Every structure is written in C-alpha cells, then in structure tokens.
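*Asks:* This is upload.cif, which holds mmCIF, C-alpha atoms:
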```cif
data_target
#
loop_
_atom_site.label_atom_id
_atom_site.label_comp_id
_atom_site.auth_asym_id
_atom_site.auth_seq_id
_atom_site.Cartn_x
_atom_site.Cartn_y
_atom_site.Cartn_z
CA MET A 35 5.01 13.68 5.64
CA THR A 36 1.27 13.30 6.19
CA LEU A 37 -0.57 12.32 3.07
CA GLU A 38 -3.61 14.31 2.07
CA LEU A 39 -6.74 12.47 1.10
CA ALA A 40 -6.80 14.25 -2.26
CA SER A 41 -3.44 12.68 -3.08
CA LEU A 42 -4.73 9.15 -2.67
CA ALA A 43 -5.98 8.99 -6.26
CA ILE A 44 -2.60 10.12 -7.62
CA ALA A 45 -0.77 7.61 -5.44
CA ALA A 46 -3.10 4.83 -6.58
CA SER A 47 -2.73 5.59 -10.30
CA ALA A 48 1.04 6.00 -10.01
CA GLY A 49 1.15 2.71 -8.13
CA ILE A 50 -0.84 0.89 -10.79
CA ALA A 51 1.31 2.39 -13.58
CA ALA A 52 4.48 1.35 -11.77
CA GLY A 53 3.09 -2.15 -11.31
CA VAL A 54 2.16 -2.54 -14.97
CA LEU A 55 5.71 -1.51 -15.84
CA SER A 56 7.05 -4.10 -13.38
CA GLY A 57 5.00 -6.89 -14.86
CA LEU A 58 5.97 -5.96 -18.39
CA PHE A 59 9.68 -5.39 -17.95
CA GLY A 60 10.74 -6.95 -14.65
CA VAL A 61 11.61 -3.69 -12.93
CA GLY A 62 10.44 -3.05 -9.40
CA GLY A 63 8.64 0.21 -9.96
CA GLY A 64 11.06 2.30 -7.93
CA ILE A 65 11.85 4.40 -10.98
CA VAL A 66 8.22 5.61 -10.69
CA PHE A 67 7.82 5.48 -6.90
CA VAL A 68 10.78 7.72 -6.11
CA PRO A 69 9.91 10.65 -8.42
CA VAL A 70 6.24 10.47 -7.38
CA LEU A 71 7.15 10.65 -3.70
CA VAL A 72 9.65 13.48 -4.25
CA LEU A 73 7.77 15.62 -6.79
CA LEU A 74 4.15 15.07 -5.72
CA PHE A 75 4.43 14.29 -2.02
CA SER A 76 7.41 16.49 -1.14
CA PHE A 77 9.41 13.64 0.34
CA GLY A 78 13.13 14.13 0.91
CA GLN A 79 15.15 12.10 -1.59
CA LEU A 80 16.48 9.58 0.95
CA ASP A 81 13.02 9.16 2.56
CA ALA A 82 11.53 8.56 -0.88
CA GLN A 83 14.19 5.98 -1.73
CA ALA A 84 13.85 4.02 1.49
CA THR A 85 10.05 4.10 1.21
CA SER A 86 10.23 3.02 -2.43
CA LEU A 87 12.26 -0.06 -1.47
CA ALA A 88 9.55 -1.06 1.00
CA ALA A 89 6.87 -0.60 -1.70
CA ILE A 90 8.83 -2.78 -4.14
CA ILE A 91 8.81 -5.87 -1.89
CA PRO A 92 5.13 -6.88 -2.38
CA VAL A 93 5.35 -6.12 -6.13
CA ALA A 94 8.43 -8.33 -6.53
CA VAL A 95 6.98 -11.14 -4.41
CA ILE A 96 3.64 -11.29 -6.26
CA GLY A 97 5.27 -10.75 -9.67
CA ALA A 98 7.88 -13.47 -9.18
CA TRP A 99 5.24 -15.84 -7.79
CA ARG A 100 3.02 -15.37 -10.85
CA GLN A 101 5.94 -15.81 -13.25
CA SER A 102 7.31 -18.85 -11.42
CA GLY A 103 3.98 -20.56 -12.13
CA GLU A 104 5.06 -20.51 -15.76
CA GLU A 105 8.59 -21.59 -14.92
CA LEU A 106 10.03 -18.35 -16.25
CA VAL A 107 12.09 -17.61 -13.14
CA ASN A 108 15.69 -18.80 -13.00
CA TRP A 109 15.94 -19.06 -9.20
CA ARG A 110 19.61 -19.96 -9.19
CA ALA A 111 20.46 -16.77 -11.09
CA ALA A 112 18.15 -14.76 -8.81
CA ALA A 113 19.81 -16.18 -5.66
CA LEU A 114 23.31 -15.44 -6.97
CA MET A 115 22.35 -11.87 -7.90
CA GLY A 116 20.65 -11.45 -4.52
CA PHE A 117 23.86 -12.57 -2.84
CA GLY A 118 25.81 -9.92 -4.72
CA ALA A 119 23.10 -7.38 -3.96
CA ALA A 120 23.74 -7.64 -0.23
CA VAL A 121 27.26 -6.30 -0.81
CA GLY A 122 26.01 -3.59 -3.16
CA VAL A 123 23.26 -2.43 -0.81
CA LEU A 124 25.64 -1.95 2.10
CA GLY A 125 28.04 0.07 -0.07
CA GLY A 126 25.28 2.10 -1.71
CA ALA A 127 23.64 2.96 1.60
CA GLU A 128 26.94 4.29 2.95
CA ILE A 129 27.17 6.64 -0.03
CA ALA A 130 23.47 7.63 -0.03
CA THR A 131 23.33 8.51 3.67
CA ARG A 132 26.39 10.73 3.34
CA LEU A 133 25.28 12.79 0.36
CA PRO A 134 23.07 15.87 0.77
CA ASP A 135 19.47 15.20 -0.33
CA ALA A 136 19.58 17.74 -3.18
CA THR A 137 22.73 16.14 -4.62
CA LEU A 138 21.26 12.66 -4.33
CA SER A 139 18.11 13.88 -6.08
CA ARG A 140 20.10 15.31 -8.99
CA ILE A 141 22.17 12.14 -9.39
CA PHE A 142 18.92 10.17 -9.38
CA GLY A 143 17.59 12.53 -12.06
CA VAL A 144 20.59 11.70 -14.25
CA VAL A 145 19.95 7.96 -13.76
CA VAL A 146 16.30 8.45 -14.75
CA VAL A 147 17.30 10.37 -17.89
CA LEU A 148 19.77 7.62 -18.85
CA VAL A 149 17.15 4.92 -18.31
CA ALA A 150 14.67 6.96 -20.36
CA GLY A 151 17.22 7.37 -23.15
CA GLU A 152 17.89 3.63 -23.19
CA MET A 153 14.15 2.92 -23.36
CA LEU A 154 13.61 5.37 -26.20
CA ILE A 155 16.53 4.05 -28.24
CA SER A 156 15.71 0.36 -27.75
CA ALA A 157 11.99 0.85 -28.46
CA THR A 158 12.74 2.78 -31.63
CA ARG A 159 15.19 0.11 -32.74
CA ARG A 160 12.68 -2.68 -32.10
CA LEU A 161 9.90 -0.83 -33.91
CA ARG A 162 12.19 -0.57 -36.91
CA ALA A 163 13.23 -4.23 -36.64
CA GLN A 164 9.58 -5.29 -36.66
CA ARG A 165 9.38 -4.48 -40.32
CA ARG A 166 11.81 -7.30 -40.92
CA PRO A 167 10.54 -10.90 -40.58
CA GLU A 168 12.48 -11.59 -37.37
CA PRO A 169 11.13 -12.96 -34.10
CA ASP A 170 10.30 -9.89 -32.01
CA LEU A 171 12.36 -9.18 -28.91
CA SER A 172 9.55 -7.50 -27.02
CA GLY A 173 9.02 -10.39 -24.66
CA ALA A 174 5.84 -11.41 -26.42
CA SER A 175 7.64 -14.46 -27.73
CA ASP A 176 9.60 -16.75 -25.48
CA ASP A 177 11.69 -18.43 -28.13
CA PRO A 178 15.44 -18.28 -27.50
CA ARG A 179 16.98 -15.33 -29.27
CA ARG A 180 20.28 -17.01 -29.87
CA PRO A 181 21.17 -20.51 -31.01
CA MET B 895 15.43 -29.88 -19.99
CA GLU B 896 15.96 -26.38 -21.20
CA LEU B 897 16.21 -25.08 -17.64
CA ALA B 898 18.95 -27.53 -16.76
CA VAL B 899 20.96 -26.35 -19.74
CA GLN B 900 20.62 -22.75 -18.61
CA PHE B 901 21.71 -23.68 -15.11
CA ARG B 902 24.97 -25.07 -16.39
CA ARG B 903 25.61 -22.33 -18.90
CA GLU B 904 25.67 -19.30 -16.65
CA GLY B 905 28.76 -18.67 -14.58
CA ALA B 906 28.23 -17.63 -10.99
CA MET B 907 30.62 -14.69 -10.99
CA PRO B 908 28.89 -12.53 -13.67
CA LEU B 909 25.57 -13.05 -11.87
CA ILE B 910 27.02 -12.06 -8.49
CA GLY B 911 28.55 -9.05 -10.23
CA ILE B 912 25.17 -7.98 -11.64
CA GLY B 913 23.79 -8.38 -8.11
CA VAL B 914 26.42 -6.05 -6.64
CA VAL B 915 25.56 -3.35 -9.19
CA ALA B 916 21.81 -3.85 -8.63
CA GLY B 917 22.27 -3.61 -4.86
CA LEU B 918 24.28 -0.43 -5.26
CA PHE B 919 21.44 1.06 -7.33
CA ALA B 920 18.84 -0.18 -4.85
CA ALA B 921 20.47 1.49 -1.88
CA MET B 922 21.66 4.63 -3.65
CA PHE B 923 18.53 5.38 -5.66
CA GLY B 924 15.69 3.43 -4.07
CA ILE B 925 15.01 1.44 -7.19
CA GLY B 926 15.08 -2.33 -6.95
CA GLY B 927 17.70 -2.55 -9.63
CA GLY B 928 15.53 -4.08 -12.34
CA VAL B 929 16.55 -1.38 -14.80
CA VAL B 930 20.11 -2.67 -14.38
CA ILE B 931 19.37 -6.38 -13.97
CA VAL B 932 17.26 -6.94 -17.11
CA PRO B 933 19.66 -5.41 -19.68
CA LEU B 934 22.70 -7.04 -18.05
CA LEU B 935 21.01 -10.45 -17.91
CA LEU B 936 20.21 -10.20 -21.61
CA LEU B 937 23.84 -9.25 -22.23
CA VAL B 938 25.65 -11.97 -20.24
CA THR B 939 23.20 -14.89 -20.14
CA GLN B 940 21.15 -16.86 -22.63
CA LEU B 941 17.87 -15.95 -20.91
CA THR B 942 15.04 -14.76 -23.16
CA PRO B 943 13.51 -11.32 -22.44
CA ARG B 944 10.52 -12.79 -20.61
CA ARG B 945 12.72 -15.05 -18.50
CA ALA B 946 15.07 -12.17 -17.74
CA ALA B 947 12.12 -10.01 -16.60
CA ALA B 948 10.74 -12.81 -14.42
CA THR B 949 14.14 -13.60 -12.91
CA SER B 950 14.71 -9.90 -12.30
CA LEU B 951 11.49 -9.72 -10.26
CA ALA B 952 12.67 -12.66 -8.14
CA THR B 953 16.00 -10.90 -7.56
CA LEU B 954 14.21 -7.69 -6.56
CA ILE B 955 12.63 -9.52 -3.61
CA LEU B 956 16.14 -9.86 -2.19
CA THR B 957 17.56 -6.45 -3.17
CA SER B 958 14.57 -4.52 -1.83
CA LEU B 959 14.35 -6.65 1.31
CA ILE B 960 18.04 -6.15 2.07
CA GLY B 961 17.63 -2.43 1.35
CA VAL B 962 14.66 -2.15 3.72
CA VAL B 963 16.56 -3.99 6.45
CA ARG B 964 19.46 -1.58 5.96
CA TYR B 965 17.22 1.52 6.14
CA SER B 966 14.83 0.29 8.83
CA GLY B 967 15.42 2.04 12.12
CA THR B 968 16.85 5.11 10.40
CA GLY B 969 13.42 6.79 10.22
CA HIS B 970 13.62 7.13 6.45
CA ILE B 971 10.90 4.59 5.62
CA ASN B 972 7.32 5.89 5.59
CA TRP B 973 5.38 2.63 5.86
CA GLN B 974 2.01 4.27 5.27
CA ALA B 975 3.16 5.76 1.97
CA ALA B 976 4.84 2.49 0.99
CA ALA B 977 1.55 0.63 1.47
CA LEU B 978 -0.34 3.35 -0.37
CA ILE B 979 1.70 3.02 -3.58
CA GLY B 980 2.76 -0.60 -3.11
CA ALA B 981 -0.76 -2.03 -2.90
CA PRO B 982 -2.01 -0.60 -6.23
CA ALA B 983 1.32 -1.61 -7.75
CA VAL B 984 0.59 -5.24 -6.87
CA ILE B 985 -2.60 -4.98 -8.94
CA GLY B 986 -0.56 -3.32 -11.67
CA VAL B 987 2.07 -6.07 -11.78
CA LEU B 988 -0.64 -8.68 -12.38
CA ILE B 989 -2.00 -6.56 -15.25
CA GLY B 990 1.51 -6.06 -16.65
CA ILE B 991 2.27 -9.79 -16.67
CA ARG B 992 -0.97 -10.46 -18.57
CA LEU B 993 -0.15 -7.72 -21.06
CA GLN B 994 3.37 -9.10 -21.51
CA LYS B 995 1.94 -12.24 -23.08
CA ARG B 996 -0.25 -10.37 -25.52
CA ILE B 997 1.02 -7.06 -26.71
CA SER B 998 4.07 -5.73 -28.37
CA ALA B 999 5.21 -3.24 -25.82
CA GLU B 1000 7.28 -0.89 -27.98
CA TRP B 1001 4.81 1.97 -28.07
CA LEU B 1002 4.31 1.70 -24.35
CA VAL B 1003 8.08 1.82 -23.80
CA LEU B 1004 8.34 4.83 -26.08
CA GLY B 1005 5.62 6.73 -24.20
CA PHE B 1006 7.03 5.77 -20.85
CA GLY B 1007 10.56 6.71 -21.92
CA LEU B 1008 9.40 10.22 -22.83
CA PHE B 1009 7.57 10.53 -19.52
CA LEU B 1010 10.68 9.46 -17.59
CA LEU B 1011 12.84 11.86 -19.59
CA LEU B 1012 10.71 14.79 -18.41
CA ILE B 1013 10.73 13.57 -14.81
CA GLY B 1014 14.49 13.08 -14.86
CA LEU B 1015 15.10 16.57 -16.22
CA ARG B 1016 12.78 17.99 -13.58
CA LEU B 1017 14.77 16.23 -10.85
CA ILE B 1018 18.07 17.49 -12.23
CA VAL B 1019 16.79 21.08 -12.35
CA GLY B 1020 15.97 20.76 -8.67
CA VAL B 1021 12.98 20.26 -6.43
#
```
Written as structure tokens, that's how I'd like the structure from this file.
*Replies:*
Amino acid sequence: MTLELASLAIAASAGIAAGVLSGLFGVGGGIVFVPVLVLLFSFGQLDAQATSLAAIIPVAVIGAWRQSGEELVNWRAAALMGFGAAVGVLGGAEIATRLPDATLSRIFGVVVVLVAGEMLISATRRLRAQRRPEPDLSGASDDPRRP
Amino acid sequence: MELAVQFRREGAMPLIGIGVVAGLFAAMFGIGGGVVIVPLLLLVTQLTPRRAAATSLATLILTSLIGVVRYSGTGHINWQAAALIGAPAVIGVLIGIRLQKRISAEWLVLGFGLFLLLIGLRLIVGV
C-alpha cells in the first residue's frame, strides 16, 4: 500500500473535490475517498473504508466549526444522531469484517449508484422548479421551507 | 429564538434512528453517513437544507470517530493515505462552504451525479 509520488496530485485533487462536496452538501467525502482509494490506489475495500473514515474526521471537524460560527449547526440533533451512530457502527463493522472484499466492493458500488441516481433526480427536479417563482431549495437560501 | 423552537420540535427517537442508519453506513461502506443523514433530516425535521448540511457535518465527527476507534488496531487504516486525501479535503470543505452561500448548486450536483454513476458501475463490475 505504498503511495507513489506520481499519485500525490491525483490524491490532492480528489481530496479537494471531496471537500468541496462536503462543504456544499454536508457529506463527509467518503463517497469520493473510498472509490479513489480502491480504483486508483488499489486498496482493498475494507482498507479503503477504514482509511476513508479517518480522512473524514478533519473534514467534519473543520466544516462543522465553520458552520457553527453562523449558528447553522443543531448540536442537539447532531449529538442524538451520534449516539445512534455508535450502535450502527458496531453492527456495520461486524457485517463488513465478515464479508469478502469483492462482495463488499460490489455492495458499495450499488450504494454509489443509488446515491448518484438520487442526486441526478433531485438536481433535475430543482432545475425544473427554478423556472417557477419559488424559493430555491439548493441551500443558497436559508429561509424555512415549510411554515 | 428560532433555534429554541427547533429544539423542542424534533423528537429524539427519529434522530437516534437516523444516527443508527448513518453509523451502519459509516462502518459498512466507509462513508460518514452524510448521504443518508441530509435527506433524512430534511424528511423528518424542520431544518432548512443549509442547516441540515451543517448539522450533518457535526454528526460526521462522531460517526467517523467511532468508526475509526472500531477499526483502529485491525490494521485496516492507512494513516498516511488518510492524511494525504484528508488534508486537501479540509481546504475543499472551506471552499464548498463559501460556494454554498453563493451559487445554485444544481449543475454541480448533476455533473457529480453522473461521475458517481460511472464510478458505482465500475465498482459493481469488479476491480
């Protein structure tokens, strides 16, 4: 798993792209990190996943810190979800460590396709909705969507 | 205050439930769970998209940290690689947050969705 010097540029650009995505949509970047590590750096699926989680930590910390400056973070909700996450992580790790790497990789591929499909559908829908004089839902406006 | 209203409005159980699903995704797929958290938050809470994204990032601190603790000692974490992609991503997240205030992100989402679709298919076909 040694990283060649020539790959540094790819890793850096993938990292920046993942970060931009995080800042825009509140995802951690793992959806980029994992495929990059598997497809470009020949990581095993489980190695890529565990490494991705480590890479997400600084992104989440800095991102949440920046957003909390604008009082956009609901810390109570985050703490409650984090509490639930502890349970989920322990269960998920049991499953992940038991599955063969190739199987795990394929299941991950399905998740990526589903996420991609959701992104494509919602973006198309919002682009269409923009023609109507409604407040946009892109996150550019912070007005409540519902009464 | 608006925040105080939100604090009362959201039940604890749905949020813990979202957390369980996010944690499952974090450990099984190595993603923080944001792709699950943001849509579910918009579905079950009154949070606006920007607030949901910001709150998701805060949650990811916990899900990824718990995931790392779970996988540390198993030899699966390559710290060098994590630093190599994590450090530029920190720069990226600052850019993304600035962009979030300014641009309508639909075209970006569309392009990124297509990109992910190809990657996902590639992973399904096999490495």
*Asks:* Show me, as JSON, numbers by chain, every residue of chain A with an atom at most 6 Å from chain B, counting all atoms listed in the file.
*Replies:* {"A": [45, 46, 49, 50, 52, 53, 54, 56, 57, 58, 59, 60, 61, 62, 64, 65, 81, 83, 84, 85, 86, 87, 88, 89, 91, 93, 94, 95, 98, 101, 106, 107, 108, 112, 114, 115, 116, 118, 119, 121, 122, 123, 126, 127, 130, 140, 143, 146, 147, 150, 153, 154, 157, 172, 173, 174, 178]}
*Asks:* Do you have the CA of Gly125 (chain A)-CA of Glu152 (chain A) distance handy?
*Replies:*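 The value is 25.5 Å.
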*Asks:* How far is it from CA of Ala82 (chain A) to CA of Val144 (chain A), in Å with one decimal?
*Replies:* 16.5 Å
*Asks:* How many Å lie between CA of Val938 (chain B) and CA of Arg110 (chain A), rounded to one decimal?
*Replies:*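 It comes out at 14.9 Å.
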